[in-house]
>>> print(open('data30.pdb').read())   # PDB, C-alpha atoms
MODEL        1
ATOM      1  CA  GLU A   1      29.033 -43.203 -51.746
ATOM      2  CA  VAL A   2      31.742 -44.336 -49.350
ATOM      3  CA  GLY A   3      32.563 -41.778 -46.714
ATOM      4  CA  PRO A   4      35.943 -40.973 -45.157
ATOM      5  CA  GLN A   5      34.992 -42.819 -41.963
ATOM      6  CA  ALA A   6      34.360 -46.086 -43.879
ATOM      7  CA  ILE A   7      37.704 -45.731 -45.678
ATOM      8  CA  ARG A   8      39.511 -45.213 -42.339
ATOM      9  CA  VAL A   9      37.848 -48.314 -40.892
ATOM     10  CA  TRP A  10      38.766 -50.349 -43.999
ATOM     11  CA  VAL A  11      42.408 -49.146 -43.929
ATOM     12  CA  GLY A  12      42.540 -49.837 -40.173
ATOM     13  CA  MET A  13      41.279 -53.384 -40.722
ATOM     14  CA  GLN A  14      43.889 -53.911 -43.463
ATOM     15  CA  ILE A  15      46.636 -52.742 -41.107
ATOM     16  CA  VAL A  16      45.405 -55.033 -38.312
ATOM     17  CA  GLY A  17      45.192 -57.929 -40.789
ATOM     18  CA  LEU A  18      48.722 -57.211 -42.012
ATOM     19  CA  LEU A  19      49.950 -57.123 -38.412
ATOM     20  CA  PHE A  20      48.426 -60.542 -37.703
ATOM     21  CA  GLN A  21      49.913 -61.935 -40.922
ATOM     22  CA  LEU A  22      53.365 -60.713 -39.877
ATOM     23  CA  ILE A  23      52.951 -62.304 -36.447
ATOM     24  CA  LEU A  24      51.900 -65.589 -38.092
ATOM     25  CA  TRP A  25      54.808 -65.440 -40.557
ATOM     26  CA  ASN A  26      57.238 -64.837 -37.674
ATOM     27  CA  GLU A  27      55.839 -67.778 -35.696
ATOM     28  CA  VAL A  28      55.944 -70.145 -38.684
ATOM     29  CA  SER A  29      59.494 -69.037 -39.535
ATOM     30  CA  THR A  30      60.593 -69.710 -35.955
ATOM     31  CA  HIS A  31      59.067 -73.192 -35.973
ATOM     32  CA  LEU A  32      60.612 -74.015 -39.351
ATOM     33  CA  SER A  33      63.998 -72.856 -38.121
ATOM     34  CA  GLU A  34      63.668 -75.021 -34.988
ATOM     35  CA  TYR A  35      62.615 -77.986 -37.138
ATOM     36  CA  ASP A  36      65.621 -77.509 -39.437
ATOM     37  CA  ASP A  37      67.908 -77.398 -36.382
ATOM     38  CA  VAL A  38      66.468 -80.652 -35.021
ATOM     39  CA  VAL A  39      66.746 -82.393 -38.393
ATOM     40  CA  SER A  40      70.334 -81.231 -38.892
ATOM     41  CA  THR A  41      71.252 -82.453 -35.395
ATOM     42  CA  GLU A  42      69.352 -85.746 -35.460
ATOM     43  CA  CYS A  43      70.123 -86.557 -39.104
ATOM     44  CA  ALA A  44      73.818 -85.801 -39.026
ATOM     45  CA  HIS A  45      75.880 -88.141 -41.198
ATOM     46  CA  ASN A  46      76.990 -90.233 -38.199
ATOM     47  CA  ARG A  47      73.346 -90.902 -37.237
ATOM     48  CA  LEU A  48      72.134 -92.222 -40.602
ATOM     49  CA  GLN A  49      71.475 -95.923 -41.049
ATOM     50  CA  HIS A  50      70.445 -97.004 -44.560
ATOM     51  CA  GLY A  51      69.449 -93.419 -45.296
ATOM     52  CA  VAL A  52      67.175 -93.222 -42.228
ATOM     53  CA  CYS A  53      67.729 -90.787 -39.362
ATOM     54  CA  THR A  54      68.051 -92.468 -35.991
ATOM     55  CA  GLY A  55      67.907 -90.686 -32.682
ATOM     56  CA  PRO A  56      66.999 -90.986 -29.028
ATOM     57  CA  LEU A  57      63.290 -91.397 -29.823
ATOM     58  CA  TRP A  58      63.494 -93.654 -32.886
ATOM     59  CA  ASN A  59      65.694 -96.417 -34.177
ATOM     60  CA  ILE A  60      66.010 -99.045 -36.877
ATOM     61  CA  SER A  61      65.017-102.316 -35.278
ATOM     62  CA  SER A  62      65.280-104.367 -38.442
ATOM     63  CA  TRP A  63      66.620-103.890 -41.962
ATOM     64  CA  GLN A  64      66.310-106.460 -44.714
ATOM     65  CA  ASP A  65      67.092-106.463 -48.395
ATOM     66  CA  VAL A  66      64.877-109.150 -49.897
ATOM     67  CA  VAL A  67      65.135-110.728 -53.340
ATOM     68  CA  LEU A  68      61.814-111.766 -54.840
ATOM     69  CA  SER A  69      61.499-113.387 -58.256
ATOM     70  CA  ALA A  70      61.505-111.068 -61.217
ATOM     71  CA  THR A  71      58.630-112.807 -62.962
ATOM     72  CA  ASN A  72      55.309-114.222 -62.024
ATOM     73  CA  LEU A  73      55.759-117.741 -63.428
ATOM     74  CA  GLY A  74      52.743-119.956 -63.830
ATOM     75  CA  GLY A  75      50.490-117.654 -61.824
ATOM     76  CA  HIS A  76      52.607-118.069 -58.692
ATOM     77  CA  SER A  77      53.799-115.061 -56.767
ATOM     78  CA  SER A  78      56.948-115.022 -54.713
ATOM     79  CA  THR A  79      56.628-114.102 -51.060
ATOM     80  CA  HIS A  80      58.851-113.261 -48.135
ATOM     81  CA  SER A  81      57.735-113.184 -44.488
ATOM     82  CA  PHE A  82      59.653-111.690 -41.623
ATOM     83  CA  GLN A  83      58.977-111.232 -37.938
ATOM     84  CA  PHE A  84      59.923-108.336 -35.709
ATOM     85  CA  SER A  85      58.926-106.828 -32.384
ATOM     86  CA  THR A  86      58.269-103.345 -31.045
ATOM     87  CA  ALA A  87      58.429-101.903 -27.549
ATOM     88  CA  SER A  88      57.294 -98.337 -28.261
ATOM     89  CA  ARG A  89      54.154 -96.926 -26.653
ATOM     90  CA  PRO A  90      51.930 -97.040 -28.632
ATOM     91  CA  PRO A  91      53.447 -99.684 -30.913
ATOM     92  CA  THR A  92      54.569 -97.765 -34.000
ATOM     93  CA  PHE A  93      56.689 -98.847 -36.942
ATOM     94  CA  LEU A  94      57.469 -98.020 -40.548
ATOM     95  CA  ILE A  95      57.859-100.451 -43.434
ATOM     96  CA  VAL A  96      59.378 -99.199 -46.689
ATOM     97  CA  ILE A  97      59.063-101.138 -49.934
ATOM     98  CA  ASP A  98      61.534 -99.929 -52.566
ATOM     99  CA  PRO A  99      61.816-102.186 -55.630
ATOM    100  CA  VAL A 100      65.129-102.198 -57.480
ATOM    101  CA  SER A 101      65.779-103.399 -60.990
ATOM    102  CA  TRP A 102      67.025-106.952 -61.391
ATOM    103  CA  SER A 103      68.396-106.085 -64.838
ATOM    104  CA  GLU A 104      70.786-103.473 -63.402
ATOM    105  CA  THR A 105      72.615-106.186 -61.484
ATOM    106  CA  SER A 106      72.210-109.074 -63.915
ATOM    107  CA  ASN A 107      74.012-107.040 -66.582
ATOM    108  CA  GLN A 108      76.944-106.816 -64.178
ATOM    109  CA  GLY A 109      77.079-110.611 -63.793
ATOM    110  CA  LEU A 110      75.881-110.616 -60.167
ATOM    111  CA  ALA A 111      73.713-113.415 -58.836
ATOM    112  CA  ASP A 112      71.668-111.114 -56.574
ATOM    113  CA  PRO A 113      70.616-107.502 -56.951
ATOM    114  CA  ALA A 114      73.049-104.985 -55.541
ATOM    115  CA  VAL A 115      72.538-103.883 -51.965
ATOM    116  CA  ALA A 116      70.334-100.818 -51.737
ATOM    117  CA  PRO A 117      72.393 -97.636 -51.509
ATOM    118  CA  ALA A 118      72.810 -96.022 -48.087
ATOM    119  CA  ASP A 119      71.134 -92.907 -49.464
ATOM    120  CA  LEU A 120      68.012 -93.871 -51.412
ATOM    121  CA  ALA A 121      68.457 -90.778 -53.574
ATOM    122  CA  GLU A 122      71.451 -92.596 -55.150
ATOM    123  CA  GLN A 123      69.190 -95.292 -56.593
ATOM    124  CA  GLN A 124      69.399 -95.153 -60.369
ATOM    125  CA  THR A 125      66.101 -96.725 -61.358
ATOM    126  CA  GLU A 126      62.659 -96.179 -59.900
ATOM    127  CA  LEU A 127      60.303 -98.985 -60.811
ATOM    128  CA  LYS A 128      56.736 -97.780 -61.096
ATOM    129  CA  ALA A 129      55.384-100.974 -62.695
ATOM    130  CA  VAL A 130      56.343-103.441 -59.933
ATOM    131  CA  ARG A 131      53.173-104.636 -58.208
ATOM    132  CA  TRP A 132      53.276-105.965 -54.661
ATOM    133  CA  SER A 133      51.111-106.535 -51.632
ATOM    134  CA  LEU A 134      51.923-106.419 -47.943
ATOM    135  CA  GLU A 135      50.099-108.173 -45.119
ATOM    136  CA  VAL A 136      50.874-107.223 -41.513
ATOM    137  CA  VAL A 137      49.571-109.272 -38.570
ATOM    138  CA  ARG A 138      50.168-108.843 -34.858
ATOM    139  CA  THR A 139      51.197-112.238 -33.482
ATOM    140  CA  LYS A 140      51.714-111.439 -29.796
ATOM    141  CA  PRO A 141      49.272-110.596 -28.368
ATOM    142  CA  PRO A 142      47.167-112.302 -31.047
ATOM    143  CA  GLN A 143      45.320-109.960 -33.365
ATOM    144  CA  THR A 144      41.547-110.191 -33.044
ATOM    145  CA  GLY A 145      40.624-108.293 -36.210
ATOM    146  CA  PRO A 146      41.551-108.904 -39.830
ATOM    147  CA  ALA A 147      45.122-108.532 -41.030
ATOM    148  CA  LEU A 148      46.074-105.269 -42.652
ATOM    149  CA  ARG A 149      46.544-105.766 -46.386
ATOM    150  CA  HIS A 150      47.954-103.141 -48.703
ATOM    151  CA  PHE A 151      48.230-103.446 -52.500
ATOM    152  CA  HIS A 152      50.510-101.064 -54.348
ATOM    153  CA  SER A 153      53.061-100.624 -57.093
ATOM    154  CA  SER A 154      56.469 -98.921 -57.049
ATOM    155  CA  GLN A 155      57.947 -97.398 -53.893
ATOM    156  CA  GLU A 156      55.855 -96.890 -50.767
ATOM    157  CA  ALA A 157      56.450 -96.152 -47.096
ATOM    158  CA  LEU A 158      53.767 -97.405 -44.695
ATOM    159  CA  THR A 159      53.466 -96.290 -41.085
ATOM    160  CA  PHE A 160      51.630 -98.428 -38.535
ATOM    161  CA  GLU A 161      50.347 -97.524 -35.088
ATOM    162  CA  ASP A 162      48.399 -99.955 -32.895
ATOM    163  CA  LEU A 163      46.157 -98.266 -30.329
ATOM    164  CA  SER A 164      44.324-101.425 -29.249
ATOM    165  CA  SER A 165      43.710-102.310 -25.628
ATOM    166  CA  GLU A 166      45.512-105.650 -26.121
ATOM    167  CA  THR A 167      48.805-103.936 -26.947
ATOM    168  CA  HIS A 168      48.340-101.423 -24.137
ATOM    169  CA  ASP A 169      47.896-104.270 -21.627
ATOM    170  CA  ALA A 170      50.862-106.255 -23.040
ATOM    171  CA  LEU A 171      53.162-103.247 -22.845
ATOM    172  CA  ALA A 172      51.955-102.408 -19.331
ATOM    173  CA  ALA A 173      52.968-105.933 -18.300
ATOM    174  CA  GLY A 174      56.493-105.191 -19.548
ATOM    175  CA  GLY A 175      56.268-107.154 -22.764
ATOM    176  CA  ARG A 176      56.975-106.499 -26.403
ATOM    177  CA  ILE A 177      54.570-106.602 -29.307
ATOM    178  CA  GLU A 178      55.451-109.137 -32.016
ATOM    179  CA  TRP A 179      54.492-108.826 -35.669
ATOM    180  CA  ARG A 180      54.691-110.786 -38.905
ATOM    181  CA  ALA A 181      54.814-109.041 -42.259
ATOM    182  CA  THR A 182      54.476-110.861 -45.562
ATOM    183  CA  LEU A 183      55.540-109.183 -48.787
ATOM    184  CA  MET A 184      54.254-110.670 -52.036
ATOM    185  CA  HIS A 185      55.612-109.768 -55.451
ATOM    186  CA  ARG A 186      52.691-109.757 -57.891
ATOM    187  CA  GLY A 187      54.569-109.170 -61.149
ATOM    188  CA  THR A 188      54.711-105.988 -63.180
ATOM    189  CA  SER A 189      51.952-104.036 -64.843
ATOM    190  CA  LYS A 190      52.120-103.414 -68.558
TER     191      LYS A 190
ENDMDL
END
>>> encode(input="data30.pdb", output="structure tokens")
Amino acid sequence: EVGPQAIRVWVGMQIVGLLFQLILWNEVSTHLSEYDDVVSTECAHNRLQHGVCTGPLWNISSWQDVVLSATNLGGHSSTHSFQFSTASRPPTFLIVIDPVSWSETSNQGLADPAVAPADLAEQQTELKAVRWSLEVVRTKPPQTGPALRHFHSSQEALTFEDLSSETHDALAAGGRIEWRATLMHRGTSK
């Protein structure tokens, strides 16, 4: 049998628990509101570049639309390499791979695919079957470990952060960190 004292303790604990849940809800709501304010300020229409928010702490250092062959002829894959540099501490960057359909532009009589829309949500076709790989290597200072290789299909955003002592020393000396990324189109999956 449960006595009145046990019921009072249980109800008291429920009230204390509810109080803490309300405090947590209030704190989370405040943080979400602050986050929404920052996003609306930093991602205003005049601060968007290629659908990416730019601000005082981040920027777009490089933007490239790359055309790789639509087929994997004779077992050969098409590749594209590009170099870029970073000066952030620690070196941090984002690479986004977003395949677009060649057939959408070839039906319009264009030699190259259309430029990616400023807002990626405007893209009409999402290609889930396009297979690709990405290799990223630090070239200055030279990378001592293996290159980062990523194999994927369809759209992907990859974030990189280098916490090595070599980059720390290079940045302390006032330099920039240089990178080479190689994108390889590996055909489409069936």
>>> atom_distance(input="data30.pdb", atom1="CA of Gln143 (chain A)", atom2="CA of Gly174 (chain A)")
18.4 Å
>>> resolve_selection(input="data30.pdb", expression="the PyMOL selection byres ((chain A and resi 153) around 6)", output="number ranges by chain")
A: 130-132, 152, 154
>>> residues_near_point(input="data30.pdb", point="(66.8, -87.2, -38.3)", cutoff="12 Å", atoms="all atoms listed in the file", output="ChimeraX atom specification")
/A:35-49,51-60
>>> closest_residue(input="data30.pdb", among="A:Glu135, A:Leu183, A:His31, A:Pro90", to="Asp162 (chain A)", atoms="all atoms listed in the file")
A:Pro90
>>> atom_distance(input="data30.pdb", atom1="CA of Ser164 (chain A)", atom2="CA of Ile95 (chain A)")
19.6 Å
>>> atom_distance(input="data30.pdb", atom1="CA of Pro142 (chain A)", atom2="CA of Glu156 (chain A)")
26.5 Å
>>> residues_around(input="data30.pdb", residues="Gly145 (chain A)", least_positions_apart="5", cutoff="12 Å", atoms="only C-alpha atoms", output="CSV table (one decimal) with C-alpha atoms, keeping the file's coordinate frame")
chain,number,residue,atom,x,y,z
A,136,VAL,CA,50.9,-107.2,-41.5
A,137,VAL,CA,49.6,-109.3,-38.6
A,138,ARG,CA,50.2,-108.8,-34.9
A,139,THR,CA,51.2,-112.2,-33.5
A,162,ASP,CA,48.4,-100.0,-32.9
A,164,SER,CA,44.3,-101.4,-29.2
A,166,GLU,CA,45.5,-105.6,-26.1
>>> residues_around(input="data30.pdb", residues="Arg176 (chain A)", least_positions_apart="5", cutoff="8 Å", atoms="all atoms listed in the file", output="list in words")
Ser85, Thr86, Ala87, Lys140, Ala170 and Leu171 of chain A
>>> resolve_selection(input="data30.pdb", expression="the PyMOL selection byres ((chain A and resi 80) around 9)", output="ChimeraX atom specification")
/A:66-68,78-79,81-82,181-185
>>> resolve_selection(input="data30.pdb", expression="the PyMOL selection byres ((chain A and resi 96) around 8)", output="mmCIF file with C-alpha atoms, in the coordinates of the input")
data_model
loop_
_atom_site.group_PDB
_atom_site.id
_atom_site.type_symbol
_atom_site.label_atom_id
_atom_site.label_comp_id
_atom_site.auth_asym_id
_atom_site.auth_seq_id
_atom_site.Cartn_x
_atom_site.Cartn_y
_atom_site.Cartn_z
ATOM 1 C CA LEU A 94 57.469 -98.020 -40.548
ATOM 2 C CA ILE A 95 57.859 -100.451 -43.434
ATOM 3 C CA ILE A 97 59.063 -101.138 -49.934
ATOM 4 C CA ASP A 98 61.534 -99.929 -52.566
ATOM 5 C CA GLN A 155 57.947 -97.398 -53.893
ATOM 6 C CA GLU A 156 55.855 -96.890 -50.767
ATOM 7 C CA ALA A 157 56.450 -96.152 -47.096
ATOM 8 C CA LEU A 158 53.767 -97.405 -44.695
#
>>> closest_residue(input="data30.pdb", among="A:Pro91, A:Ser61, A:Gly17, A:Leu32", to="Ser165 (chain A)", atoms="only C-alpha atoms")
A:Pro91
>>> closest_residue(input="data30.pdb", among="A:Ser62, A:Pro141, A:Val28, A:Met13", to="Gln83 (chain A)", atoms="only C-alpha atoms")
A:Ser62
>>> closest_residue(input="data30.pdb", among="A:Pro99, A:Asn26, A:Asp169, A:Trp63", to="Phe84 (chain A)", atoms="all atoms listed in the file")
A:Trp63
>>> decode(input="data30.pdb", residues="region 150-165 of chain A", atoms="all heavy atoms", output="CSV table (one decimal), in the first residue's frame")
chain,number,residue,atom,x,y,z
A,150,HIS,N,37.6,10.1,-50.8
A,150,HIS,CA,36.2,9.9,-50.5
A,150,HIS,C,35.5,9.4,-51.7
A,150,HIS,O,35.7,10.0,-52.8
A,150,HIS,CB,35.6,11.2,-50.0
A,150,HIS,CG,34.2,11.0,-49.5
A,150,HIS,ND1,33.9,10.5,-48.3
A,150,HIS,CD2,33.1,11.3,-50.1
A,150,HIS,CE1,32.6,10.5,-48.2
A,150,HIS,NE2,32.0,11.0,-49.3
A,151,PHE,N,34.8,8.3,-51.6
A,151,PHE,CA,34.0,7.7,-52.7
A,151,PHE,C,32.5,7.9,-52.4
A,151,PHE,O,32.1,7.6,-51.3
A,151,PHE,CB,34.3,6.2,-52.9
A,151,PHE,CG,35.8,6.0,-53.3
A,151,PHE,CD1,36.7,5.8,-52.3
A,151,PHE,CD2,36.2,6.0,-54.6
A,151,PHE,CE1,38.1,5.6,-52.6
A,151,PHE,CE2,37.5,5.8,-54.9
A,151,PHE,CZ,38.5,5.6,-53.9
A,152,HIS,N,31.8,8.4,-53.4
A,152,HIS,CA,30.4,8.7,-53.1
A,152,HIS,C,29.6,8.7,-54.4
A,152,HIS,O,30.1,8.6,-55.5
A,152,HIS,CB,30.2,10.0,-52.4
A,152,HIS,CG,28.9,10.2,-51.7
A,152,HIS,ND1,28.6,9.5,-50.5
A,152,HIS,CD2,27.9,11.0,-52.0
A,152,HIS,CE1,27.4,9.9,-50.1
A,152,HIS,NE2,26.9,10.8,-51.0
A,153,SER,N,28.3,8.8,-54.3
A,153,SER,CA,27.4,9.0,-55.4
A,153,SER,C,26.4,10.1,-55.0
A,153,SER,O,26.2,10.3,-53.8
A,153,SER,CB,26.7,7.7,-55.8
A,153,SER,OG,25.9,7.3,-54.8
A,154,SER,N,25.9,10.8,-56.0
A,154,SER,CA,25.0,11.9,-55.8
A,154,SER,C,25.6,13.1,-55.1
A,154,SER,O,26.8,13.2,-55.1
A,154,SER,CB,23.7,11.5,-55.2
A,154,SER,OG,23.7,11.5,-53.8
A,155,GLN,N,24.8,13.9,-54.5
A,155,GLN,CA,25.3,15.2,-53.9
A,155,GLN,C,25.9,14.9,-52.6
A,155,GLN,O,25.5,14.0,-51.8
A,155,GLN,CB,24.1,16.1,-53.7
A,155,GLN,CG,24.5,17.5,-53.2
A,155,GLN,CD,23.3,18.4,-52.9
A,155,GLN,OE1,22.3,17.9,-52.5
A,155,GLN,NE2,23.5,19.6,-53.2
A,156,GLU,N,27.0,15.6,-52.2
A,156,GLU,CA,27.7,15.5,-51.0
A,156,GLU,C,28.4,16.8,-50.6
A,156,GLU,O,29.0,17.4,-51.5
A,156,GLU,CB,28.7,14.3,-51.0
A,156,GLU,CG,29.4,14.1,-49.7
A,156,GLU,CD,28.6,13.4,-48.7
A,156,GLU,OE1,27.5,12.9,-49.0
A,156,GLU,OE2,29.1,13.3,-47.5
A,157,ALA,N,28.4,17.2,-49.4
A,157,ALA,CA,29.2,18.3,-48.9
A,157,ALA,C,30.2,17.7,-47.9
A,157,ALA,O,29.8,17.0,-47.0
A,157,ALA,CB,28.3,19.3,-48.2
A,158,LEU,N,31.5,18.0,-48.1
A,158,LEU,CA,32.5,17.5,-47.3
A,158,LEU,C,33.3,18.7,-46.6
A,158,LEU,O,33.7,19.6,-47.2
A,158,LEU,CB,33.5,16.7,-48.1
A,158,LEU,CG,32.9,15.6,-48.9
A,158,LEU,CD1,33.9,15.2,-50.0
A,158,LEU,CD2,32.6,14.4,-48.0
A,159,THR,N,33.4,18.6,-45.3
A,159,THR,CA,34.1,19.6,-44.5
A,159,THR,C,35.5,19.0,-44.1
A,159,THR,O,35.6,17.9,-43.6
A,159,THR,CB,33.3,20.0,-43.2
A,159,THR,OG1,32.0,20.4,-43.6
A,159,THR,CG2,34.0,21.1,-42.5
A,160,PHE,N,36.5,19.9,-44.2
A,160,PHE,CA,37.8,19.5,-43.9
A,160,PHE,C,38.4,20.4,-42.8
A,160,PHE,O,38.2,21.6,-42.9
A,160,PHE,CB,38.8,19.5,-45.1
A,160,PHE,CG,38.3,18.6,-46.2
A,160,PHE,CD1,37.4,19.0,-47.1
A,160,PHE,CD2,38.8,17.3,-46.3
A,160,PHE,CE1,36.9,18.1,-48.1
A,160,PHE,CE2,38.4,16.4,-47.3
A,160,PHE,CZ,37.5,16.8,-48.2
A,161,GLU,N,39.1,19.9,-41.9
A,161,GLU,CA,39.8,20.7,-40.9
A,161,GLU,C,41.2,20.0,-40.6
A,161,GLU,O,41.2,18.8,-40.3
A,161,GLU,CB,39.0,20.7,-39.6
A,161,GLU,CG,39.6,21.6,-38.5
A,161,GLU,CD,38.7,21.7,-37.3
A,161,GLU,OE1,38.0,20.7,-36.9
A,161,GLU,OE2,38.7,22.8,-36.7
A,162,ASP,N,42.2,20.7,-40.7
A,162,ASP,CA,43.6,20.2,-40.5
A,162,ASP,C,44.2,20.7,-39.2
A,162,ASP,O,44.5,21.9,-39.1
A,162,ASP,CB,44.5,20.6,-41.7
A,162,ASP,CG,45.8,19.9,-41.7
A,162,ASP,OD1,46.2,19.3,-40.6
A,162,ASP,OD2,46.5,20.0,-42.7
A,163,LEU,N,44.3,19.8,-38.3
A,163,LEU,CA,44.8,20.2,-36.9
A,163,LEU,C,46.3,19.8,-36.8
A,163,LEU,O,46.8,19.8,-35.6
A,163,LEU,CB,44.0,19.6,-35.8
A,163,LEU,CG,42.5,20.0,-35.9
A,163,LEU,CD1,41.7,19.2,-34.8
A,163,LEU,CD2,42.3,21.4,-35.6
A,164,SER,N,47.0,19.5,-37.8
A,164,SER,CA,48.4,19.1,-37.7
A,164,SER,C,49.3,20.2,-37.3
A,164,SER,O,49.1,21.4,-37.4
A,164,SER,CB,48.9,18.5,-39.1
A,164,SER,OG,49.0,19.6,-40.0
A,165,SER,N,50.5,19.7,-36.7
A,165,SER,CA,51.5,20.7,-36.3
A,165,SER,C,52.1,21.4,-37.4
A,165,SER,O,52.5,22.6,-37.3
A,165,SER,CB,52.5,20.0,-35.4
A,165,SER,OG,53.2,19.0,-36.2
